[in-house]
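File shown: model_8.pdb (PDB, C-alpha atoms).
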```pdb
ATOM      1  CA  MET A 107      99.714 185.724 117.766
ATOM      2  CA  LYS A 108     103.231 186.655 118.881
ATOM      3  CA  ILE A 109     104.578 183.574 117.108
ATOM      4  CA  ILE A 110     102.875 184.544 113.821
ATOM      5  CA  TYR A 111     104.171 188.122 114.156
ATOM      6  CA  SER A 112     107.740 186.869 114.732
ATOM      7  CA  ILE A 113     107.525 184.618 111.693
ATOM      8  CA  LEU A 114     106.353 187.524 109.502
ATOM      9  CA  ILE A 115     109.184 189.750 110.734
ATOM     10  CA  SER A 116     111.763 187.030 110.098
ATOM     11  CA  CYS A 117     110.486 186.486 106.553
ATOM     12  CA  ALA A 118     110.639 190.208 105.816
ATOM     13  CA  LEU A 119     114.225 190.461 107.061
ATOM     14  CA  LEU A 120     115.169 187.414 105.003
ATOM     15  CA  LEU A 121     113.699 188.963 101.855
ATOM     16  CA  LEU A 122     115.458 192.281 102.459
ATOM     17  CA  GLY A 123     118.766 190.567 103.070
ATOM     18  CA  SER A 124     118.495 188.390  99.974
ATOM     19  CA  CYS A 125     117.480 191.225  97.595
ATOM     20  CA  GLU A 126     119.084 194.507  98.614
ATOM     21  CA  ARG A 127     122.461 193.247  99.683
ATOM     22  CA  ARG A 128     123.175 191.114  96.619
ATOM     23  CA  PRO A 129     125.115 192.535  93.655
ATOM     24  CA  LEU A 130     122.932 193.581  90.731
ATOM     25  CA  GLU A 131     124.295 190.899  88.427
ATOM     26  CA  ASP A 132     123.359 188.197  90.958
ATOM     27  CA  MET A 133     119.711 189.236  91.238
ATOM     28  CA  CYS A 134     117.017 186.923  89.929
ATOM     29  CA  PRO A 135     115.079 189.048  87.430
ATOM     30  CA  GLY A 136     111.324 188.773  87.351
ATOM     31  CA  GLU A 137     109.219 188.131  84.296
ATOM     32  CA  GLY A 138     110.153 190.383  81.334
ATOM     33  CA  LEU A 139     113.301 191.881  82.888
ATOM     34  CA  ILE A 140     116.232 192.121  80.448
ATOM     35  CA  PRO A 141     119.813 192.373  81.793
ATOM     36  CA  ILE A 142     122.058 195.023  80.237
ATOM     37  CA  GLY A 143     125.804 195.440  80.650
ATOM     38  CA  THR A 144     128.170 197.737  78.736
ATOM     39  CA  VAL A 145     131.971 197.670  78.460
ATOM     40  CA  TRP A 146     133.676 200.966  77.542
ATOM     41  CA  THR A 147     137.336 199.916  77.492
ATOM     42  CA  VAL A 148     137.383 199.611  73.693
ATOM     43  CA  ALA A 149     135.906 203.095  73.247
ATOM     44  CA  ASP A 150     138.421 204.299  75.862
ATOM     45  CA  ILE A 151     135.909 206.440  77.742
ATOM     46  CA  THR A 152     134.239 206.224  81.151
ATOM     47  CA  PRO A 153     130.706 207.559  80.869
ATOM     48  CA  GLN A 154     128.683 208.537  83.880
ATOM     49  CA  ASN A 155     125.425 207.260  82.403
ATOM     50  CA  VAL A 156     124.189 205.022  79.596
ATOM     51  CA  THR A 157     121.076 205.161  77.394
ATOM     52  CA  ALA A 158     119.395 202.176  75.726
ATOM     53  CA  LEU A 159     116.679 202.794  73.134
ATOM     54  CA  PHE A 160     114.402 199.884  72.169
ATOM     55  CA  TYR A 161     112.852 200.222  68.693
ATOM     56  CA  ASP A 162     110.181 197.970  67.241
ATOM     57  CA  GLN A 163     111.900 195.895  64.559
ATOM     58  CA  ASN A 164     108.917 196.117  62.196
ATOM     59  CA  ASP A 165     108.070 199.820  62.033
ATOM     60  CA  GLY A 166     111.047 201.366  63.865
ATOM     61  CA  HIS A 167     109.030 203.307  66.436
ATOM     62  CA  LEU A 168     110.484 203.815  69.910
ATOM     63  CA  VAL A 169     108.973 201.386  72.404
ATOM     64  CA  MET A 170     110.978 202.455  75.433
ATOM     65  CA  GLU A 171     114.006 204.401  76.578
ATOM     66  CA  HIS A 172     115.987 202.912  79.433
ATOM     67  CA  ARG A 173     118.639 204.990  81.198
ATOM     68  CA  PHE A 174     121.029 203.822  83.859
ATOM     69  CA  GLU A 175     124.249 204.659  85.668
ATOM     70  CA  ASN A 176     127.453 203.170  84.307
ATOM     71  CA  SER A 177     129.310 200.842  86.659
ATOM     72  CA  PRO A 178     132.039 198.160  86.561
ATOM     73  CA  ASN A 179     129.422 195.426  87.079
ATOM     74  CA  ARG A 180     128.951 192.813  84.387
ATOM     75  CA  ILE A 181     125.205 193.491  84.564
ATOM     76  CA  GLN A 182     124.520 197.138  85.280
ATOM     77  CA  THR A 183     120.741 197.233  85.076
ATOM     78  CA  TYR A 184     117.562 195.354  84.185
ATOM     79  CA  ALA A 185     115.040 196.778  81.739
ATOM     80  CA  ASP A 186     111.362 195.813  81.880
ATOM     81  CA  VAL A 187     110.772 195.292  78.142
ATOM     82  CA  PRO A 188     107.484 194.055  76.614
ATOM     83  CA  ALA A 189     107.650 190.889  74.541
ATOM     84  CA  GLY A 190     108.604 191.610  70.939
ATOM     85  CA  ARG A 191     111.395 191.902  68.384
ATOM     86  CA  TYR A 192     113.653 194.962  68.667
ATOM     87  CA  THR A 193     116.565 196.938  67.358
ATOM     88  CA  VAL A 194     118.439 198.270  70.383
ATOM     89  CA  VAL A 195     120.688 201.339  70.277
ATOM     90  CA  VAL A 196     123.011 201.975  73.224
ATOM     91  CA  PHE A 197     125.168 205.093  73.663
ATOM     92  CA  ASN A 198     127.086 206.885  76.389
ATOM     93  CA  GLU A 199     125.363 209.386  78.675
ATOM     94  CA  LEU A 200     121.808 210.669  78.576
ATOM     95  CA  ARG A 201     120.308 212.614  75.714
ATOM     96  CA  GLY A 202     121.674 216.155  75.954
ATOM     97  CA  GLN A 203     124.448 215.203  78.365
ATOM     98  CA  ILE A 204     127.363 214.896  75.894
ATOM     99  CA  ARG A 205     129.103 218.256  75.525
ATOM    100  CA  GLY A 206     128.463 219.779  72.119
ATOM    101  CA  VAL A 207     126.225 216.892  70.973
ATOM    102  CA  GLY A 208     122.449 216.650  70.756
ATOM    103  CA  ILE A 209     120.194 213.673  70.013
ATOM    104  CA  ARG A 210     117.187 214.263  67.766
ATOM    105  CA  GLY A 211     114.547 212.211  65.984
ATOM    106  CA  TYR A 212     114.721 209.528  68.671
ATOM    107  CA  GLU A 213     111.015 208.719  68.281
ATOM    108  CA  ASN A 214     111.905 206.468  65.339
ATOM    109  CA  LEU A 215     115.052 204.565  64.382
ATOM    110  CA  SER A 216     114.943 205.972  60.847
ATOM    111  CA  THR A 217     115.247 209.534  62.170
ATOM    112  CA  LEU A 218     117.589 208.933  65.123
ATOM    113  CA  GLU A 219     120.604 211.249  64.766
ATOM    114  CA  ALA A 220     123.401 212.722  66.831
ATOM    115  CA  TYR A 221     124.176 216.285  65.795
ATOM    116  CA  ASP A 222     126.606 219.063  66.609
ATOM    117  CA  LEU A 223     124.959 221.778  68.654
ATOM    118  CA  PRO A 224     124.914 225.274  67.072
ATOM    119  CA  ASN A 225     127.716 227.530  68.292
ATOM    120  CA  PRO A 226     126.509 231.091  68.939
ATOM    121  CA  ASP A 227     129.954 232.286  70.051
ATOM    122  CA  PHE A 228     131.731 232.070  66.693
ATOM    123  CA  LYS A 229     133.614 234.976  65.123
ATOM    124  CA  ASN A 230     131.533 235.730  62.052
ATOM    125  CA  ARG A 231     133.577 235.347  58.887
ATOM    126  CA  SER A 232     130.981 234.238  56.341
ATOM    127  CA  ASN A 233     127.229 234.436  55.886
ATOM    128  CA  ASP A 234     127.294 230.953  54.357
ATOM    129  CA  ASN A 235     128.582 229.041  57.381
ATOM    130  CA  ASP A 236     126.494 227.245  59.996
ATOM    131  CA  TYR A 237     128.866 227.160  62.966
ATOM    132  CA  VAL A 238     128.698 224.280  65.449
ATOM    133  CA  TYR A 239     130.471 223.324  68.658
ATOM    134  CA  GLU A 240     133.293 220.820  68.711
ATOM    135  CA  PRO A 241     131.674 217.524  69.817
ATOM    136  CA  ASP A 242     132.795 215.474  72.770
ATOM    137  CA  VAL A 243     133.130 211.723  72.268
ATOM    138  CA  LEU A 244     129.993 209.817  71.316
ATOM    139  CA  ALA A 245     130.198 206.011  71.303
ATOM    140  CA  SER A 246     127.398 203.605  70.470
ATOM    141  CA  VAL A 247     126.485 200.047  69.555
ATOM    142  CA  MET A 248     123.413 198.639  67.793
ATOM    143  CA  VAL A 249     121.872 195.206  68.356
ATOM    144  CA  ARG A 250     119.433 194.108  65.665
ATOM    145  CA  ASP A 251     116.844 191.360  65.866
ATOM    146  CA  PHE A 252     116.777 191.284  69.666
ATOM    147  CA  ILE A 253     113.876 189.067  70.751
ATOM    148  CA  VAL A 254     112.089 189.338  74.095
ATOM    149  CA  ARG A 255     109.834 186.443  75.086
ATOM    150  CA  ASP A 256     107.886 185.984  78.291
ATOM    151  CA  ASN A 257     109.684 183.928  80.925
ATOM    152  CA  GLU A 258     112.848 183.671  78.809
ATOM    153  CA  TYR A 259     116.167 184.934  80.178
ATOM    154  CA  ASN A 260     118.255 186.633  77.459
ATOM    155  CA  GLU A 261     121.777 188.010  77.986
ATOM    156  CA  ALA A 262     122.297 189.293  74.439
ATOM    157  CA  LEU A 263     122.610 192.833  75.831
ATOM    158  CA  VAL A 264     125.315 191.904  78.348
ATOM    159  CA  GLY A 265     128.921 192.675  77.436
ATOM    160  CA  LEU A 266     128.094 195.259  74.754
ATOM    161  CA  GLU A 267     131.154 197.149  73.491
ATOM    162  CA  PRO A 268     130.220 200.537  71.991
ATOM    163  CA  LEU A 269     132.593 202.145  69.480
ATOM    164  CA  ARG A 270     133.394 205.812  68.908
ATOM    165  CA  LYS A 271     131.528 207.768  66.244
ATOM    166  CA  VAL A 272     133.488 211.016  66.681
ATOM    167  CA  HIS A 273     136.860 211.489  64.996
ATOM    168  CA  ARG A 274     140.064 212.962  66.271
ATOM    169  CA  PHE A 275     141.440 215.362  63.628
ATOM    170  CA  ASP A 276     145.171 216.186  63.767
ATOM    171  CA  ILE A 277     146.003 219.290  61.734
ATOM    172  CA  VAL A 278     149.493 220.576  60.900
ATOM    173  CA  ALA A 279     150.072 223.676  58.756
ATOM    174  CA  HIS A 280     153.382 224.950  57.430
ATOM    175  CA  VAL A 281     153.420 228.739  57.155
ATOM    176  CA  LYS A 282     156.010 230.827  55.351
ATOM    177  CA  GLY A 283     156.624 234.112  57.135
ATOM    178  CA  LEU A 284     155.192 232.751  60.365
ATOM    179  CA  ASN A 285     157.344 235.204  62.315
ATOM    180  CA  ASN A 286     155.071 237.997  61.062
ATOM    181  CA  ALA A 287     151.983 236.573  62.811
ATOM    182  CA  ARG A 288     150.668 236.856  66.303
ATOM    183  CA  MET A 289     149.330 233.645  67.786
ATOM    184  CA  PRO A 290     146.948 231.924  67.793
ATOM    185  CA  ALA A 291     145.523 231.767  64.293
ATOM    186  CA  LEU A 292     141.733 231.644  63.990
ATOM    187  CA  VAL A 293     140.654 228.731  61.785
ATOM    188  CA  ASP A 294     137.373 227.769  60.167
ATOM    189  CA  LEU A 295     136.809 224.160  59.103
ATOM    190  CA  PRO A 296     133.829 224.203  56.719
ATOM    191  CA  GLY A 297     132.473 221.132  54.985
ATOM    192  CA  VAL A 298     132.325 218.721  57.928
ATOM    193  CA  ALA A 299     129.226 216.686  58.791
ATOM    194  CA  GLU A 300     126.656 218.326  61.038
ATOM    195  CA  SER A 301     125.082 215.019  62.081
ATOM    196  CA  TYR A 302     125.372 211.231  62.255
ATOM    197  CA  GLY A 303     122.593 208.712  61.546
ATOM    198  CA  PHE A 304     122.525 205.695  63.858
ATOM    199  CA  ARG A 305     120.480 203.351  61.648
ATOM    200  CA  GLU A 306     122.890 203.448  58.705
ATOM    201  CA  ASP A 307     125.986 204.095  60.855
ATOM    202  CA  ARG A 308     126.799 206.969  58.513
ATOM    203  CA  ASN A 309     127.101 210.734  58.596
ATOM    204  CA  THR A 310     124.431 212.826  56.914
ATOM    205  CA  ARG A 311     125.044 215.176  53.999
ATOM    206  CA  ILE A 312     124.268 218.257  56.091
ATOM    207  CA  ALA A 313     127.382 220.452  56.151
ATOM    208  CA  ALA A 314     128.563 222.555  59.077
ATOM    209  CA  THR A 315     131.590 224.626  60.094
ATOM    210  CA  GLN A 316     133.734 224.277  63.194
ATOM    211  CA  GLN A 317     135.862 227.160  64.408
ATOM    212  CA  PHE A 318     138.962 226.848  66.576
ATOM    213  CA  THR A 319     142.390 228.345  67.153
ATOM    214  CA  MET A 320     145.826 226.982  66.305
ATOM    215  CA  ASN A 321     148.366 228.073  68.867
ATOM    216  CA  GLY A 322     152.107 227.845  69.293
ATOM    217  CA  ARG A 323     154.728 227.583  66.600
ATOM    218  CA  THR A 324     157.774 225.535  65.747
ATOM    219  CA  TYR A 325     160.297 227.180  63.424
ATOM    220  CA  ASP A 326     162.093 225.286  60.691
ATOM    221  CA  ASN A 327     165.540 226.508  61.704
ATOM    222  CA  ASP A 328     167.436 229.151  63.650
ATOM    223  CA  LEU A 329     166.313 231.878  61.229
ATOM    224  CA  LYS A 330     162.905 231.739  62.931
ATOM    225  CA  LYS A 331     161.003 232.846  59.881
ATOM    226  CA  ASP A 332     159.054 229.871  58.480
ATOM    227  CA  GLY A 333     157.506 227.179  60.627
ATOM    228  CA  ILE A 334     154.486 225.073  61.565
ATOM    229  CA  ILE A 335     151.443 225.424  63.765
ATOM    230  CA  ALA A 336     149.390 222.424  64.850
ATOM    231  CA  THR A 337     146.290 221.427  66.770
ATOM    232  CA  THR A 338     143.892 218.549  67.452
ATOM    233  CA  VAL A 339     140.132 218.933  67.255
ATOM    234  CA  TYR A 340     137.235 216.495  67.410
ATOM    235  CA  THR A 341     134.609 216.269  64.694
ATOM    236  CA  LEU A 342     131.846 214.013  63.384
ATOM    237  CA  GLY A 343     133.919 213.809  60.217
ATOM    238  CA  LEU A 344     133.067 214.136  56.548
ATOM    239  CA  LEU A 345     129.740 214.116  54.732
ATOM    240  CA  ASN A 346     128.177 210.697  54.085
ATOM    241  CA  GLU A 347     131.112 208.944  55.766
ATOM    242  CA  THR A 348     131.038 205.800  57.908
ATOM    243  CA  PRO A 349     133.055 206.494  61.087
ATOM    244  CA  ALA A 350     135.399 203.470  60.916
ATOM    245  CA  GLU A 351     135.922 203.612  57.148
ATOM    246  CA  THR A 352     139.414 204.295  55.787
ATOM    247  CA  ASP A 353     138.745 204.138  52.053
ATOM    248  CA  VAL A 354     136.547 207.231  51.957
ATOM    249  CA  GLN A 355     135.347 208.674  48.666
ATOM    250  CA  ILE A 356     135.203 212.376  49.517
ATOM    251  CA  ASP A 357     132.575 213.936  47.273
ATOM    252  CA  SER A 358     132.357 217.348  48.943
ATOM    253  CA  PRO A 359     135.247 219.805  49.363
ATOM    254  CA  VAL A 360     136.872 220.256  52.770
ATOM    255  CA  LYS A 361     138.773 223.469  53.410
ATOM    256  CA  LEU A 362     140.864 225.095  56.121
ATOM    257  CA  ASP A 363     140.284 228.832  56.361
ATOM    258  CA  PHE A 364     143.087 230.527  58.325
ATOM    259  CA  LEU A 365     142.949 234.051  59.712
ATOM    260  CA  PHE A 366     146.225 235.544  60.973
ATOM    261  CA  MET A 367     146.779 238.816  62.764
ATOM    262  CA  LEU A 368     150.150 240.304  61.913
ATOM    263  CA  VAL A 369     152.538 241.829  64.442
ATOM    264  CA  ASP A 370     152.424 245.334  62.955
ATOM    265  CA  ALA A 371     150.882 248.249  64.824
ATOM    266  CA  GLU A 372     147.812 248.161  62.574
ATOM    267  CA  LYS A 373     147.160 244.511  63.518
ATOM    268  CA  THR A 374     146.582 243.634  59.887
ATOM    269  CA  LEU A 375     144.388 240.598  59.245
ATOM    270  CA  VAL A 376     145.518 238.121  56.578
ATOM    271  CA  ARG A 377     143.391 235.239  55.340
ATOM    272  CA  ARG A 378     144.625 232.030  53.743
ATOM    273  CA  VAL A 379     142.162 229.416  52.431
ATOM    274  CA  VAL A 380     143.362 225.953  51.407
ATOM    275  CA  ASP A 381     141.387 223.056  49.951
ATOM    276  CA  VAL A 382     142.580 219.993  51.907
ATOM    277  CA  THR A 383     140.153 217.443  50.432
ATOM    278  CA  ASP A 384     142.926 215.427  48.796
ATOM    279  CA  LEU A 385     145.331 215.874  51.717
ATOM    280  CA  ILE A 386     143.302 214.061  54.384
ATOM    281  CA  TRP A 387     144.382 210.550  55.268
ATOM    282  CA  PHE A 388     142.542 208.154  57.558
ATOM    283  CA  GLN A 389     144.204 206.212  60.341
ATOM    284  CA  THR A 390     142.512 203.063  61.676
ATOM    285  CA  GLU A 391     141.783 203.065  65.411
ATOM    286  CA  THR A 392     140.730 200.163  67.638
ATOM    287  CA  TYR A 393     138.151 202.352  69.398
ATOM    288  CA  GLY A 394     136.054 202.847  66.272
ATOM    289  CA  ALA A 395     136.140 206.155  64.396
ATOM    290  CA  THR A 396     139.318 206.758  62.421
ATOM    291  CA  THR A 397     141.780 209.532  63.166
ATOM    292  CA  LEU A 398     141.875 212.138  60.405
ATOM    293  CA  ASN A 399     145.258 213.629  59.580
ATOM    294  CA  VAL A 400     146.259 216.528  57.361
ATOM    295  CA  TYR A 401     149.517 218.313  56.661
ATOM    296  CA  VAL A 402     149.051 221.447  54.585
ATOM    297  CA  GLU A 403     151.489 223.937  53.113
ATOM    298  CA  LEU A 404     149.967 227.409  52.965
ATOM    299  CA  PRO A 405     150.500 228.582  49.380
ATOM    300  CA  ASP A 406     151.437 232.214  50.051
ATOM    301  CA  ALA A 407     153.830 233.572  52.647
ATOM    302  CA  LEU A 408     152.592 236.012  55.254
ATOM    303  CA  PRO A 409     153.792 239.499  54.287
ATOM    304  CA  ASP A 410     156.787 241.007  56.049
ATOM    305  CA  VAL A 411     155.799 243.844  58.362
ATOM    306  CA  VAL A 412     157.495 246.121  60.867
ATOM    307  CA  PRO A 413     156.693 244.715  64.316
ATOM    308  CA  GLU A 414     154.715 246.904  66.664
ATOM    309  CA  GLY A 415     157.128 248.844  68.856
ATOM    310  CA  GLY A 416     160.028 247.886  66.596
ATOM    311  CA  GLU A 417     160.617 244.577  68.359
ATOM    312  CA  ASP A 418     162.367 241.810  66.440
ATOM    313  CA  SER A 419     159.923 239.228  65.043
ATOM    314  CA  GLY A 420     157.117 240.572  67.181
ATOM    315  CA  PHE A 421     158.091 238.668  70.318
ATOM    316  CA  GLY A 422     156.379 240.105  73.363
ATOM    317  CA  SER A 423     153.369 241.262  71.322
ATOM    318  CA  GLU A 424     152.427 238.031  69.602
ATOM    319  CA  VAL A 425     149.641 236.708  71.846
ATOM    320  CA  ILE A 426     146.079 237.761  70.996
ATOM    321  CA  ASP A 427     142.599 237.017  72.297
ATOM    322  CA  TRP A 428     140.152 236.484  69.449
ATOM    323  CA  ASP A 429     137.248 236.709  71.902
ATOM    324  CA  ILE A 430     137.732 240.466  72.112
ATOM    325  CA  ILE A 431     138.610 241.041  68.436
ATOM    326  CA  ASP A 432     135.967 242.304  66.044
ATOM    327  CA  VAL A 433     136.538 240.202  62.926
ATOM    328  CA  PRO A 434     135.159 241.835  59.764
ATOM    329  CA  LEU A 435     132.959 239.682  57.538
ATOM    330  CA  ASN A 436     134.933 237.944  54.775
ATOM    331  CA  ALA A 437     138.250 239.212  56.139
ATOM    332  CA  ASN A 438     141.084 239.140  53.590
TER     333      ASN A 438
END
```
Encoded form using structure tokens:
Amino acid sequence: MKIIYSILISCALLLLGSCERRPLEDMCPGEGLIPIGTVWTVADITPQNVTALFYDQNDGHLVMEHRFENSPNRIQTYADVPAGRYTVVVFNELRGQIRGVGIRGYENLSTLEAYDLPNPDFKNRSNDNDYVYEPDVLASVMVRDFIVRDNEYNEALVGLEPLRKVHRFDIVAHVKGLNNARMPALVDLPGVAESYGFREDRNTRIAATQQFTMNGRTYDNDLKKDGIIATTVYTLGLLNETPAETDVQIDSPVKLDFLFMLVDAEKTLVRRVVDVTDLIWFQTETYGATTLNVYVELPDALPDVVPEGGEDSGFGSEVIDWDIIDVPLNAN
């Protein structure tokens, strides 16, 4: 009896040593287990987690959602997937974990979308705008016609390289009479896409508005009167646009709506709206989504005012906090 007991103990220790101490990619998967490995160097991000959605290739319904922790391993996880033919969508993080981005309609591939979360903290400037948060980086990859058969080892989901679907948008504005403004300027960007559809790899036609500030200034010369302000924001991009496309036919206007507070004692608000649809140019990026660029010349100079306290050019009183400013609707 003692001999049998010793043999059982030895076998158990052997099994534990051969399974738990081996790297994940060296494990021998059982029947139906599918290895998955993602590489994020192209997207230039390091996610904490990864989501894989398996959709039935015939009717598009979600068969299973597999979530796992990102790691440097070639194989990061195994998914127990029923036999069948699938379209697989893989993206960074878990649903609801990317800052400013939600995932909806995931029950079916035809309705699967990433969308900008509504921003309740905007400074109201128009009843017509649906304000959204600036999205953090979303990257994804889709594998079509992925076949799972019983007792067949398939590494088609190993080495996947997701690409970015969120754009960087570099904005530069030249402002005449910039010395008359406090900084930062409050800017609305209406006309950008509210959501992105995974199946078509294309933005929807639902429009939204992002709001941000443009800080700092660089004067043209020693006169310190005219100059530029600049910023970088992230956005899903334009309506009905494919993220990596450079030859984009923009069929919906894109505007920049600037609100300046002048340096006078009355803190006068001045609005400048510019249509930048034809000024946007698209820069190819290896990580997927293009970089959008725009340089805009504001058409009208900011009016000359007497600085508050009589200071030259308003220095010392130029910094403002829009969070505590009550912005009137449709400010002019």
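Between Leu263 of chain A and the residues A:Asn346, A:Asn399, A:Thr183, A:Thr152, the shortest atom-to-atom distance, using all atoms listed in the file, involves A:Thr183.
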Sorted by chain and rising residue number, which residues of segment 184-231 of chain A lie within 8 Å of segment 167-174 of chain A, and what are their closest atom pairs and distances in Å to one decimal, counting only C-alpha atoms, as a tab-separated table?
```
residue	atom	partner	partner_atom	distance
A:Ala185	CA	A:His172	CA	6.6
A:Val187	CA	A:Met170	CA	7.7
A:Leu200	CA	A:Arg173	CA	7.0
A:Tyr212	CA	A:Leu168	CA	7.2
A:Glu213	CA	A:Leu168	CA	5.2
A:Asn214	CA	A:His167	CA	4.4
A:Leu215	CA	A:His167	CA	6.5
```
Suppose you want the space between atom CA of Ala220 of chain A and atom CA of Arg311 of chain A; what is it in Å? 13.2 Å
Can you list, as JSON, numbers by chain, every protein, DNA or RNA residue that comes within 6 Å of Gly283 of chain A when you count only C-alpha atoms, leaving out same-chain residues fewer than 4 positions away? {"A": [331, 332, 407, 408]}
With C-alpha atoms retained, could you export that selection as a CSV table (one decimal), in the frame of the given file?
```
chain,number,residue,atom,x,y,z
A,331,LYS,CA,161.0,232.8,59.9
A,332,ASP,CA,159.1,229.9,58.5
A,407,ALA,CA,153.8,233.6,52.6
A,408,LEU,CA,152.6,236.0,55.3
```
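Selection result for the displayed file, with the PyMOL selection byres ((chain A and resi 178) around 10) as criterion, is Gly143, Thr144, Val145, Trp146, Thr152, Asn176, Ser177, Asn179, Arg180, Ile181 and Gln182 of chain A.
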Could you write out as a count of residues only the residues that the PyMOL selection byres ((chain A and resi 224) around 12) matches in the shown file? 24
What residues come out when you apply the PyMOL selection byres ((chain A and resi 166) around 12) to this file, written as JSON, numbers by chain? {"A": [159, 160, 161, 162, 163, 164, 165, 167, 168, 169, 170, 191, 192, 193, 194, 195, 211, 212, 213, 214, 215, 216, 217, 218, 250, 251, 305]}
Using only C-alpha atoms, which protein or nucleic acid residues come within 12 Å of Val382 of chain A? Drop anything in the same chain fewer than 2 positions from it, and give the result as a PyMOL selection string. chain A and resi 277-279+295-298+356+358-363+379-380+384-387+398-405
Counting all atoms listed in the file, find residues at most 7 Å from (156.4, 228.8, 61.4) (file frame) and give them as a ChimeraX atom specification. /A:280-285,323-326,331-335
Using all atoms listed in the file, which residues sit within 9 Å of Trp428 of chain A once same-chain residues fewer than 6 positions away are excluded, as a VMD selection string? chain A and resid 229 290 to 292 319
From the set A:Ala313, A:Leu269, A:Ile431, A:Val376, which residue has the shortest atom-to-atom contact distance to Leu345 of chain A, counting only C-alpha atoms?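 Checking each of A:Ala313, A:Leu269, A:Ile431, A:Val376 against Leu345 of chain A, counting only C-alpha atoms, the winner is A:Ala313.
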Interatomic distance between atom CA of Arg377 of chain A and atom CA of Val339 of chain A?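 Separating atom CA of Arg377 of chain A from atom CA of Val339 of chain A is a distance of 20.5 Å.
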Given the choices A:Pro409, A:Gly394, A:Pro349, A:Pro434, which gets closest to Phe304 of chain A if the distance is worked out from only C-alpha atoms? A:Pro349
Between A:Asn230, A:Thr348, A:Gln389, A:Thr397, single out the one closest to Leu365 of chain A, counting all atoms listed in the file.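 Result for the nearest residue to Leu365 of chain A: A:Asn230.
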Which polymer residues have any atom within 10 Å of an atom of Ala262 of chain A, counting all atoms listed in the file, with same-chain residues fewer than 6 positions away left out, as a list in words?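 In the requested form, the answer reads Ile140, Pro141, Ile142, Gly143, Val249, Phe252 and Ile253 of chain A.
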What does the structure give for the distance between atom CA of Val247 of chain A and atom CA of Glu267 of chain A, in Å to one decimal?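 Distance between the two atoms: 6.8 Å.
Summary of the local environment: counting only C-alpha atoms, residues at most 7 Å from Ala189 of chain A, other than itself and those fewer than 3 positions away along its chain, are A:Val254, A:Arg255, A:Asp256.
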Could those selected residues go to a file with C-alpha atoms, as a PDB file, keeping the file's coordinate frame?
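Okay, this is what ended up in again07.pdb:
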```
ATOM      1  CA  VAL A 254     112.089 189.338  74.095  1.00  0.00           C
ATOM      2  CA  ARG A 255     109.834 186.443  75.086  1.00  0.00           C
ATOM      3  CA  ASP A 256     107.886 185.984  78.291  1.00  0.00           C
TER       4      ASP A 256
END
```
From the set A:Glu199, A:Glu351, A:Glu414, A:Asp429, which residue has the shortest atom-to-atom contact distance to Glu391 of chain A, counting all atoms listed in the file?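 Using all atoms listed in the file, Glu391 of chain A sits closest to A:Glu351.
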